[in-house]
Structure formats: C-alpha cells, structure tokens
Amino acid sequence: MRNGFRRINCIFHFIGGLLLILSLIVLFPLIVVTAYWGQMGDGRSTAIAFLATAIISFLLGITLRSIFKSETLDTTGAMLLCALGWIFISAIGAIPFVIANGVNYLDAYFESMSGFTTTGITVFSGLDDMPRSILFWRSLTQWLGGIGILSFFLAVTYQAGGAHHIFGAESHKISSGRPKPGLFSTLRILWAIYVLFTLLAAVVFVLEKMPVFDAICHAFSTLSTGGFSPHDSSIEFYGITGHPNYRMIEYTVTFFMMLGGINFLIHYRVMTRDFKALWDNIEVRYWWRLIAAFTAVIIIDHLYKTGALSELFTRGTPVKLGEFERSFRYGIFQVISVMTTTGFGTKDIGSDFFGALSKQLFLVMMVIGGCVGSTGGGFKVLRIAILNRLMFRELFKLRVSDKASAGLVIDKKIVSDDEVHRVAALFFTWMALLLIGGGITALFSNQGPWESFSGMFSAVGNIGPCYISVKDMITIHPVVKLTYIFGMLAGRLEILPVLLLFSRKAWR
Amino acid sequence: MYIVVAGGGMVGGVLVRRLLDNKHDVVLIEQNKTICDKLYAESGVVAINGGATSIEALSEAGIQKADVFVAATGSDADNLACAILAKSFEVPRIIVRMRHPAYKNAYRVAGVDSIIRVTDLMVNQMMMEIENPEVRRITSIGGGKADIFIVVVPDGAKIAGKSVKDIVGSRHFPPQCVFIAIYNLETEELSIPRGNQIVNEGDELFLVSTTENIKKAVDFLTAGHRK
C-alpha cells in the first residue's frame, strides 16, 4: 500500500476518528427520545434507531482506525478527507431515518447529506407528526455541518500561502484576518462564537414564547444557515397558527440568519470592539449593499404587482403601513434566507406573492450566497466582488496604456492573477455544474425548464427551497436525487475537493 | 485638470493622492514597478511604469493633453530632462521639485514655471515650530514671502477684551499684518472682523503677515499682563 495510493492510509485513519466522534454525538437524540417517550411515535423504535447507528458508527470507526495508520496529512490529503468525510458521515447519519421512518436508503441519504451540507432541501413531509427525536437529529446534522464548514474554512485558509493553496481568494484575507496565531486557538474562537450565537438564538426564541423544542431545533438550523424546521410550513407555521409574537419571531430569525451568513472573523472583531469591521472590507460592504438592493427591488416588485404602486402614482393614495410592513417583513426574510443560503420560508419563494423579477433575483442570490468564512454556502460574496472588479479592470485596461499598472485591487491590495484565474475557473465550473444538473432534472422529471434549473441552483448553493414543490421533490427520479446529492457536496466544499476525488493522481 | 506627475516617491506619491482627492485627472510616471502597483492599488491612479525622461513614457502618459506637468523625481538631472521634454510638448505649466539650488538657473533656462525646493519649505516650517510654537501655519503665499496662520489668544492675554481696531492701532503691532477671521471655539462662530469686533480669550485668530513680521505679531498677540 505504500507505493500505490499512499494518502488512503491517513485519510481513512482520520475518517475512523470522525466516525468515533459521530457515534457519541448520535446518542444525544436519545435525550429527546426519553423526554417525549410515547408521543408522536417516539419510543423503543427511535431509541433502537439511534443506538444501532451509534454501534455501527463505532464499529466502523474502530475498524478503520485499526486497519489504517496515522500519517501527516498534506493539503491535497486534507481536501480528500473533507470530501470523503462528508460522504461517510452523511451515510451513517442517514441510518436513523431508515430505521425509524422506514424510508428507502437513497431518500435517507439525501436528507442526511442535505443536513450535513447545511442545505435544507427535504424529501420528508408530514414533519409535524414525526418523532421529535428524528426532527432533532435533522436539525443537529445541520448544526454539525456548520461546525464542519467553519473548521474546513480554517484548515483551507491556514494552508494558504503554501504550494497547494487552492482557495487563494481567501488567502489575502486571512493573513490579516486570522484573530490569533495558531490553528487551534482560532478554531476554538470560531466554535465559541458559533456556540454562543446558537445559545443566544435559542434563548431569544424561548423568550418570544416559541416552544422550547422548536426553539432549539430552529437555533441549530438558523446559525448553521441550514434551514431544516420541525414544521412542514417552516417559519410560516407561527404566522399561520396565529402565534402572538409571530412578527417578532420572523424578525429574530432574519437577524440570526444574517449573523450566520457573515464571516465569523468579523464577528470576532466586532466582539473585540472593533466596530469598523462591519464596513472596512469589500466583502462586507457588498454584503450590506446586496441585501439592501435585493430587498428594495422585491418590495417594489410586490407593491407593483398588487397595484399599490400605481395607486400611489396615479391617485396619490399612499401605501398602507400594514401592507408595507408585511411586504418588508416577507421581503427581507426571504432575501436573507436565500442569500445566507438558509432556506427558511415565511412565504414560498415560488408563490404569487413574489413577481417574476423577484423570482429571477432569488436564483441570482442562490448563486451569490454568503460571505467567506461563514456557515453560508454559495459562490461567496467576496468572489463575486472579485469578478465584478475583474470586469472593471478589463475596461480600465482598454482605456489606459499597457504600461500602466492594472492589477485587480481588493481592499487596497493587488490580488495576484493566479488567484483571479482560480476564481474565474471556479465560477465557470459552478455554472457548468448548474447547467448539467438543470439538464438532468429536466430530462428525468416533468418539471418545466425554469423549475428544473432552480433545483440544481438550490442544491449547489446549499439553499433548500426551490421552485420544485416538496411533494414533487419526494417523488422525483432517483437519478435527479443523486445529482442533487453530488451538487450539495460539491457546492459545500466549493467544488474543487470533490473533483479531486476523481483524480487518480491526488490519491497517490 | 489633466496633470502628469513624474516620480512617485515621498513628494510625488503624496501629491498624487491629494490631486486625486480634489478630482483631478492624474497620471503618474514611475520607474519602479512595485511603487507603481502600490500607488495604483491604494489610490487608483493611472500609474505608467517607465522612465520619465523617455518620450515614449511621456506620450503614454498623455503629455500632449496635459495642463500641468510636475517633475518630482529624486534627481535634478532627470527633472531637468523631463521638464524640457514637457516643454517641447507645449505643456502650459511646468512645476519642478528642485533638490540642489545650483540647478535654479538651468530650470529657468528650460522654461519651468515654478521651482519648488522642498527643503526650503520644510526649513520654514521648522523655524516656525521652533520660534512660535503657539502658531499654526496654514499656507505660504507669494512663493514663501508671506504666511497665513492661526494664533490662539491665551488666557490672561493683554489684548483680550480689546477691539480689532485698538490692537491694529498699537505701535507694537506690525503694519504688514492683517486679520482675516476670528473663530470662537465655544460658540463655533466664525466672523470676518471689522474694526470694532472684540477679541476674547480662547479665540482663534486667522492672520496674514509677511514672514519676517510673524514673530513680532505673535509676540504682541500672546503677551500676558505683567504681574
């Protein structure tokens, strides 16, 4: 094995370790099982489901660790580990769904991958009557996925500057952004902020009289920008059922989703009273502007659609305050939900509430996604900023002499052409993936061209909702489900590590 | 205005930023690629990498349409050469940074409009800081022959409570010094004074004076009551 696929050894050794940790974590839902014993199908069957999963995970972990011995991991190895780690953990995490819900393994794997990649596309319905422990496990997978993504971000940027740094776009950020020297102390800081925000969100939800179980599940899937909810109707549930504080709840969820979509190093800087961090770098400036612009367009689009806008201009009837608040609340909730790639809903993005323009913009937001170093997915705001600058740079080059300096400037530093090329290549791959996935969906389902594209946009961007209804998603062809599983993983790991899996050279 | 600046060192670099802040079209010519990139990244200036003494680099920089040419490289020989080249392109105004005063005549012959010796300006500033630390100089006018400056009226000053007319009428106050404005820090009120305006403690006095009279004027304005 030494001369053949050398990296296999250490990669599977580490995966064994991850599975051992998972075997402990999967015991947590047992607390929920005990608390709700005998209600909504929680009881022996769900207890067995989680115990069995823990045992399988433990045995597999032990086996892997005894067969494969530890070695130092290089960057390529770390990439492969991440990709395989997500695949393996999702495979084990799917087991409780199979045992307790009796769904087939592909659906269970889809749901589990959707959880661990913090996507939130679901193929389960009737959530309100499901065992609570299963709902808890769904939200927990997303929360763990969030931890995974923060660690992955750090591992990647920590290596940046070395020979292999694939994610160059982040490297210049991290040189000044990393709060403290040392990988592990930084990791602890990121985790601590994540845990703190989750606790805070849960406490605020409880104060707003959300049931404690809902509050915990929603806190898990809000900060991880996952979007699983214990209710079929997501956050809209509270509005429909006439919860007394449903408006406050919707605004609070919006706020915490936004926190999840911002670079966690910025959170760290703000916590250390460096408030300039909220404005002093290009990504965060783009972030605020995009949110403001998208929300404004969506509100105007809605008011135009309902005729309130033409009333205003032709007859001078002002827009009713209640009507405006409602469209603002739905607008900003859905913009932040999609931009941060959470995917909660207070209004279905495919519903008539949103005009055609808004629906197009949602697809754009799905591609853009959150900030670098957040739990959000998507192509990342920083990279969009780089591409935008690239366009202006090319225009600038046409105007001035070819002897003039014309590097691509981000935050007053020139980004090397290597990094720009990587971002451009990544964008192309991203688009290609969307096209291929959209094509496969169109071919294997009876969805229209528009809806077919939206499914893959949602999967690769790790969003959740799309213009395909949950009902259709459950019965969609297995090939499409496999495509989306691949799309979710590729989007989460920003494509390149997943493509590495198919490169024979990378394994050596 | 369209301004071409040769040399992106301490003087050229800062000048470029200030000009850009004031919305001028600025092109920089600088030999060092690293400096070019740095200034471009930080200020967005069009920075041509090349020698300012080559006609090619100057035409790349658009010297034909320049309103002003500034030669601010570190060498008088280079400044002289590129000033002559700029003159040959009929640039309306040419300003050079002179390092060694011996070159003054050469610059005159080359047809340079203004010659600025950075060390002179610095020395003036230092003299001011040494002799009159209570004075804040705002700018020099008339090629350094006169200055606009600020004096704060100290507590217990003899002139406090007197009118501008009385102060100016005093025989100790130099006649080549004029009040421009009085700014009251507390009320944030700025007034352009006439003769009967009263000067109070803590007021900021804006004055213009010939350089050699500054010290005399300041001494008088800040003098306290003898105890």
# chains A, B, ... in the order shown; residues from 1 in each chain; ligands from 1
>>> interface_residues(of="chain B", to="chain A", cutoff="9 Å", atoms="only C-alpha atoms", output="VMD selection string")
chain B and resid 28 to 29 33 36 to 38 40 to 50 57 60 to 61
>>> residues_around(residues="stretch 328-339 of chain A", least_positions_apart="2", cutoff="9 Å", atoms="only C-alpha atoms", output="ChimeraX atom specification")
/A:225,227,247,250-251,253-255,257-258,261,291-292,294-296,298-299,302,323-326,341-349,354,362-363,365-370,376-378,463-465
>>> write_last_selection(atoms="C-alpha atoms", output="PDB file, in the first residue's frame")
ATOM      1  CA  THR A 225     -27.755  28.501   7.733  1.00  0.00           C
ATOM      2  CA  GLY A 227     -32.960  25.648   7.119  1.00  0.00           C
ATOM      3  CA  ARG A 247     -43.799  39.042  13.658  1.00  0.00           C
ATOM      4  CA  GLU A 250     -39.775  36.328  11.963  1.00  0.00           C
ATOM      5  CA  TYR A 251     -37.556  39.374  12.521  1.00  0.00           C
ATOM      6  CA  VAL A 253     -34.893  34.575  12.729  1.00  0.00           C
ATOM      7  CA  THR A 254     -33.941  37.066  10.000  1.00  0.00           C
ATOM      8  CA  PHE A 255     -31.349  38.616  12.295  1.00  0.00           C
ATOM      9  CA  MET A 257     -29.692  34.032   9.793  1.00  0.00           C
ATOM     10  CA  MET A 258     -27.825  37.179   8.849  1.00  0.00           C
ATOM     11  CA  GLY A 261     -24.063  34.461   6.743  1.00  0.00           C
ATOM     12  CA  ILE A 291     -29.157  42.805   0.888  1.00  0.00           C
ATOM     13  CA  ALA A 292     -30.486  46.372   0.757  1.00  0.00           C
ATOM     14  CA  PHE A 294     -32.442  42.974  -3.321  1.00  0.00           C
ATOM     15  CA  THR A 295     -34.901  43.743  -0.528  1.00  0.00           C
ATOM     16  CA  ALA A 296     -35.818  47.075  -2.088  1.00  0.00           C
ATOM     17  CA  ILE A 298     -38.506  42.747  -4.076  1.00  0.00           C
ATOM     18  CA  ILE A 299     -40.687  45.135  -2.076  1.00  0.00           C
ATOM     19  CA  HIS A 302     -44.519  43.138  -4.873  1.00  0.00           C
ATOM     20  CA  GLU A 323     -49.243  46.392   3.765  1.00  0.00           C
ATOM     21  CA  PHE A 324     -45.788  47.920   3.554  1.00  0.00           C
ATOM     22  CA  GLU A 325     -44.625  46.273   6.802  1.00  0.00           C
ATOM     23  CA  ARG A 326     -45.895  42.937   5.544  1.00  0.00           C
ATOM     24  CA  THR A 341     -28.403  30.008   1.989  1.00  0.00           C
ATOM     25  CA  THR A 342     -30.536  29.090   4.988  1.00  0.00           C
ATOM     26  CA  GLY A 343     -33.765  28.452   3.158  1.00  0.00           C
ATOM     27  CA  PHE A 344     -36.368  29.064   5.850  1.00  0.00           C
ATOM     28  CA  GLY A 345     -39.634  30.322   4.480  1.00  0.00           C
ATOM     29  CA  THR A 346     -42.337  32.719   5.607  1.00  0.00           C
ATOM     30  CA  LYS A 347     -43.625  32.895   2.051  1.00  0.00           C
ATOM     31  CA  ASP A 348     -42.824  30.233  -0.513  1.00  0.00           C
ATOM     32  CA  ILE A 349     -40.387  31.794  -2.988  1.00  0.00           C
ATOM     33  CA  PHE A 354     -43.296  37.445  -5.476  1.00  0.00           C
ATOM     34  CA  PHE A 362     -33.787  34.586  -5.970  1.00  0.00           C
ATOM     35  CA  LEU A 363     -31.836  32.457  -8.432  1.00  0.00           C
ATOM     36  CA  MET A 365     -28.974  35.198  -4.770  1.00  0.00           C
ATOM     37  CA  MET A 366     -28.675  31.416  -4.729  1.00  0.00           C
ATOM     38  CA  VAL A 367     -25.502  31.695  -6.784  1.00  0.00           C
ATOM     39  CA  ILE A 368     -24.005  34.560  -4.754  1.00  0.00           C
ATOM     40  CA  GLY A 369     -24.532  33.040  -1.313  1.00  0.00           C
ATOM     41  CA  GLY A 370     -22.958  34.149   1.965  1.00  0.00           C
ATOM     42  CA  GLY A 376     -23.388  30.039   4.378  1.00  0.00           C
ATOM     43  CA  GLY A 377     -22.833  28.357   1.043  1.00  0.00           C
ATOM     44  CA  GLY A 378     -22.976  29.651  -2.498  1.00  0.00           C
ATOM     45  CA  ILE A 463     -30.115  26.788  -0.062  1.00  0.00           C
ATOM     46  CA  GLY A 464     -33.089  24.491   0.449  1.00  0.00           C
ATOM     47  CA  PRO A 465     -36.253  25.760  -1.180  1.00  0.00           C
TER      48      PRO A 465
END
>>> select_by_dssp(residues="stretch 263-429 of chain A", states="strand (DSSP E or B)", output="list in words")
Ala404, Leu408, Val409, Ile410, Lys413, Ile414 and Val415 of chain A
>>> select_by_dssp(residues="stretch 239-319 of chain A", states="alpha helix (DSSP H)", output="number ranges by chain")
A: 239-240, 246-261, 264-271, 282-306, 308-314
>>> residues_around(residues="A:Leu183", least_positions_apart="4", cutoff="9 Å", atoms="only C-alpha atoms", output="list in words")
Leu154, Ala155, Tyr158, Leu187 and Arg188 of chain A
>>> residues_around(residues="A:Gly16", least_positions_apart="4", cutoff="9 Å", atoms="only C-alpha atoms", output="ChimeraX atom specification")
/A:11-12,20-21,57-58,60-66,68
>>> residues_around(residues="B:Ala86", least_positions_apart="4", cutoff="9 Å", atoms="only C-alpha atoms", output="list in words")
Ile55, Leu58, Ile63, Gln64, Phe69, Ala81, Cys82, Glu90, Val91 and Ile94 of chain B
>>> residues_around(residues="B:Asn184", least_positions_apart="5", cutoff="8 Å", atoms="only C-alpha atoms", output="count of residues only")
5
>>> closest_residue(among="B:Leu19, B:Val70, B:Val152, B:Ala217", to="B:Ile116", atoms="only C-alpha atoms")
B:Val70
>>> residues_around(residues="B:Arg93", least_positions_apart="4", cutoff="7 Å", atoms="only C-alpha atoms", output="list in words")
Asp67, Val68, Phe69 and Asp113 of chain B
>>> closest_residue(among="A:Gly307, A:Gly439, A:Gly461, A:Gly491", to="A:Val364", atoms="only C-alpha atoms")
A:Gly461
>>> closest_residue(among="A:Ile8, A:Leu51, A:Ile249, A:Leu501", to="A:Leu22", atoms="only C-alpha atoms")
A:Leu51
>>> closest_residue(among="B:Ile148, B:Leu39, B:Ala102, B:Ala66", to="B:Phe89", atoms="only C-alpha atoms")
B:Ala66
>>> closest_residue(among="B:Val5, B:Leu85, B:Arg108, B:Arg171", to="B:Ala72", atoms="only C-alpha atoms")
B:Val5
>>> decode(residues="stretch 104-153 of chain A", atoms="N, CA and C atoms", output="compact mmCIF listing (two decimals), in the first residue's frame")
# COMPACT_ATOMS: atom_id res chain seq x y z
N ASN A 104 -36.65 4.67 2.12
CA ASN A 104 -35.56 3.92 1.48
C ASN A 104 -34.24 4.65 1.71
N TYR A 105 -33.13 3.92 1.49
CA TYR A 105 -31.84 4.47 1.89
C TYR A 105 -31.47 5.71 1.08
N LEU A 106 -31.86 5.75 -0.21
CA LEU A 106 -31.49 6.91 -1.03
C LEU A 106 -32.12 8.18 -0.46
N ASP A 107 -33.43 8.10 -0.11
CA ASP A 107 -34.08 9.28 0.47
C ASP A 107 -33.42 9.67 1.79
N ALA A 108 -33.11 8.67 2.59
CA ALA A 108 -32.48 8.94 3.88
C ALA A 108 -31.12 9.59 3.67
N TYR A 109 -30.37 9.07 2.68
CA TYR A 109 -29.05 9.63 2.41
C TYR A 109 -29.17 11.06 1.88
N PHE A 110 -30.17 11.28 1.04
CA PHE A 110 -30.43 12.62 0.51
C PHE A 110 -30.68 13.59 1.67
N GLU A 111 -31.55 13.18 2.59
CA GLU A 111 -31.91 14.04 3.71
C GLU A 111 -30.68 14.30 4.59
N SER A 112 -29.91 13.25 4.80
CA SER A 112 -28.74 13.37 5.66
C SER A 112 -27.69 14.27 5.02
N MET A 113 -27.45 14.09 3.71
CA MET A 113 -26.48 14.94 3.02
C MET A 113 -26.97 16.39 3.01
N SER A 114 -28.28 16.54 2.82
CA SER A 114 -28.87 17.89 2.84
C SER A 114 -28.65 18.52 4.21
N GLY A 115 -28.67 17.68 5.26
CA GLY A 115 -28.43 18.18 6.61
C GLY A 115 -26.98 18.56 6.83
N PHE A 116 -26.08 17.62 6.57
CA PHE A 116 -24.67 17.87 6.89
C PHE A 116 -24.04 18.93 5.98
N THR A 117 -24.60 19.14 4.80
CA THR A 117 -24.07 20.23 3.97
C THR A 117 -24.82 21.53 4.26
N THR A 118 -25.67 21.54 5.28
CA THR A 118 -26.50 22.69 5.68
C THR A 118 -27.32 23.22 4.52
N THR A 119 -27.80 22.29 3.67
CA THR A 119 -28.59 22.73 2.52
C THR A 119 -30.04 22.97 2.95
N GLY A 120 -30.72 21.88 3.30
CA GLY A 120 -32.09 22.04 3.76
C GLY A 120 -33.15 21.68 2.73
N ILE A 121 -32.74 21.05 1.59
CA ILE A 121 -33.77 20.50 0.70
C ILE A 121 -34.29 19.25 1.41
N THR A 122 -35.60 19.12 1.52
CA THR A 122 -36.10 17.96 2.24
C THR A 122 -36.92 17.07 1.32
N VAL A 123 -36.85 15.76 1.58
CA VAL A 123 -37.72 14.83 0.86
C VAL A 123 -38.66 14.18 1.87
N PHE A 124 -38.75 14.79 3.06
CA PHE A 124 -39.69 14.30 4.07
C PHE A 124 -40.87 15.26 4.12
N SER A 125 -42.07 14.71 4.26
CA SER A 125 -43.19 15.59 4.55
C SER A 125 -43.96 15.02 5.73
N GLY A 126 -44.91 15.76 6.25
CA GLY A 126 -45.60 15.34 7.46
C GLY A 126 -44.69 15.49 8.67
N LEU A 127 -43.86 16.51 8.64
CA LEU A 127 -42.89 16.71 9.72
C LEU A 127 -43.57 16.90 11.07
N ASP A 128 -44.73 17.59 11.06
CA ASP A 128 -45.37 17.94 12.33
C ASP A 128 -45.79 16.69 13.12
N ASP A 129 -45.94 15.54 12.41
CA ASP A 129 -46.34 14.32 13.11
C ASP A 129 -45.18 13.35 13.28
N MET A 130 -43.98 13.78 12.96
CA MET A 130 -42.85 12.86 13.04
C MET A 130 -42.32 12.76 14.46
N PRO A 131 -41.60 11.66 14.77
CA PRO A 131 -40.97 11.58 16.09
C PRO A 131 -40.08 12.79 16.32
N ARG A 132 -40.18 13.35 17.51
CA ARG A 132 -39.40 14.55 17.81
C ARG A 132 -37.90 14.30 17.69
N SER A 133 -37.47 13.09 18.11
CA SER A 133 -36.03 12.80 18.10
C SER A 133 -35.48 12.87 16.68
N ILE A 134 -36.30 12.42 15.72
CA ILE A 134 -35.85 12.45 14.32
C ILE A 134 -35.72 13.91 13.85
N LEU A 135 -36.70 14.72 14.23
CA LEU A 135 -36.64 16.15 13.87
C LEU A 135 -35.42 16.79 14.50
N PHE A 136 -35.16 16.40 15.76
CA PHE A 136 -33.99 16.93 16.46
C PHE A 136 -32.71 16.53 15.75
N TRP A 137 -32.65 15.28 15.32
CA TRP A 137 -31.47 14.78 14.62
C TRP A 137 -31.26 15.54 13.30
N ARG A 138 -32.35 15.83 12.58
CA ARG A 138 -32.23 16.59 11.34
C ARG A 138 -31.56 17.95 11.61
N SER A 139 -32.08 18.63 12.64
CA SER A 139 -31.51 19.96 12.93
C SER A 139 -30.07 19.84 13.42
N LEU A 140 -29.82 18.77 14.21
CA LEU A 140 -28.46 18.60 14.74
C LEU A 140 -27.46 18.34 13.61
N THR A 141 -27.87 17.57 12.58
CA THR A 141 -26.94 17.33 11.47
C THR A 141 -26.54 18.66 10.84
N GLN A 142 -27.49 19.58 10.75
CA GLN A 142 -27.15 20.87 10.14
C GLN A 142 -26.19 21.65 11.02
N TRP A 143 -26.43 21.57 12.33
CA TRP A 143 -25.56 22.31 13.24
C TRP A 143 -24.14 21.76 13.17
N LEU A 144 -24.04 20.41 13.11
CA LEU A 144 -22.72 19.78 12.98
C LEU A 144 -22.09 20.16 11.65
N GLY A 145 -22.91 20.21 10.61
CA GLY A 145 -22.41 20.63 9.30
C GLY A 145 -21.80 22.01 9.37
N GLY A 146 -22.44 22.89 10.14
CA GLY A 146 -21.92 24.25 10.32
C GLY A 146 -20.55 24.24 10.98
N ILE A 147 -20.41 23.41 12.02
CA ILE A 147 -19.10 23.29 12.67
C ILE A 147 -18.07 22.79 11.68
N GLY A 148 -18.50 21.79 10.89
CA GLY A 148 -17.60 21.22 9.90
C GLY A 148 -17.12 22.27 8.92
N ILE A 149 -18.04 23.14 8.49
CA ILE A 149 -17.68 24.10 7.44
C ILE A 149 -16.76 25.18 7.99
N LEU A 150 -16.96 25.57 9.26
CA LEU A 150 -16.06 26.56 9.86
C LEU A 150 -14.66 25.98 9.98
N SER A 151 -14.58 24.70 10.37
CA SER A 151 -13.27 24.06 10.51
C SER A 151 -12.61 23.92 9.16
N PHE A 152 -13.43 23.56 8.16
CA PHE A 152 -12.91 23.38 6.80
C PHE A 152 -12.34 24.69 6.27
N PHE A 153 -13.09 25.78 6.50
CA PHE A 153 -12.64 27.11 6.07
C PHE A 153 -11.28 27.43 6.65
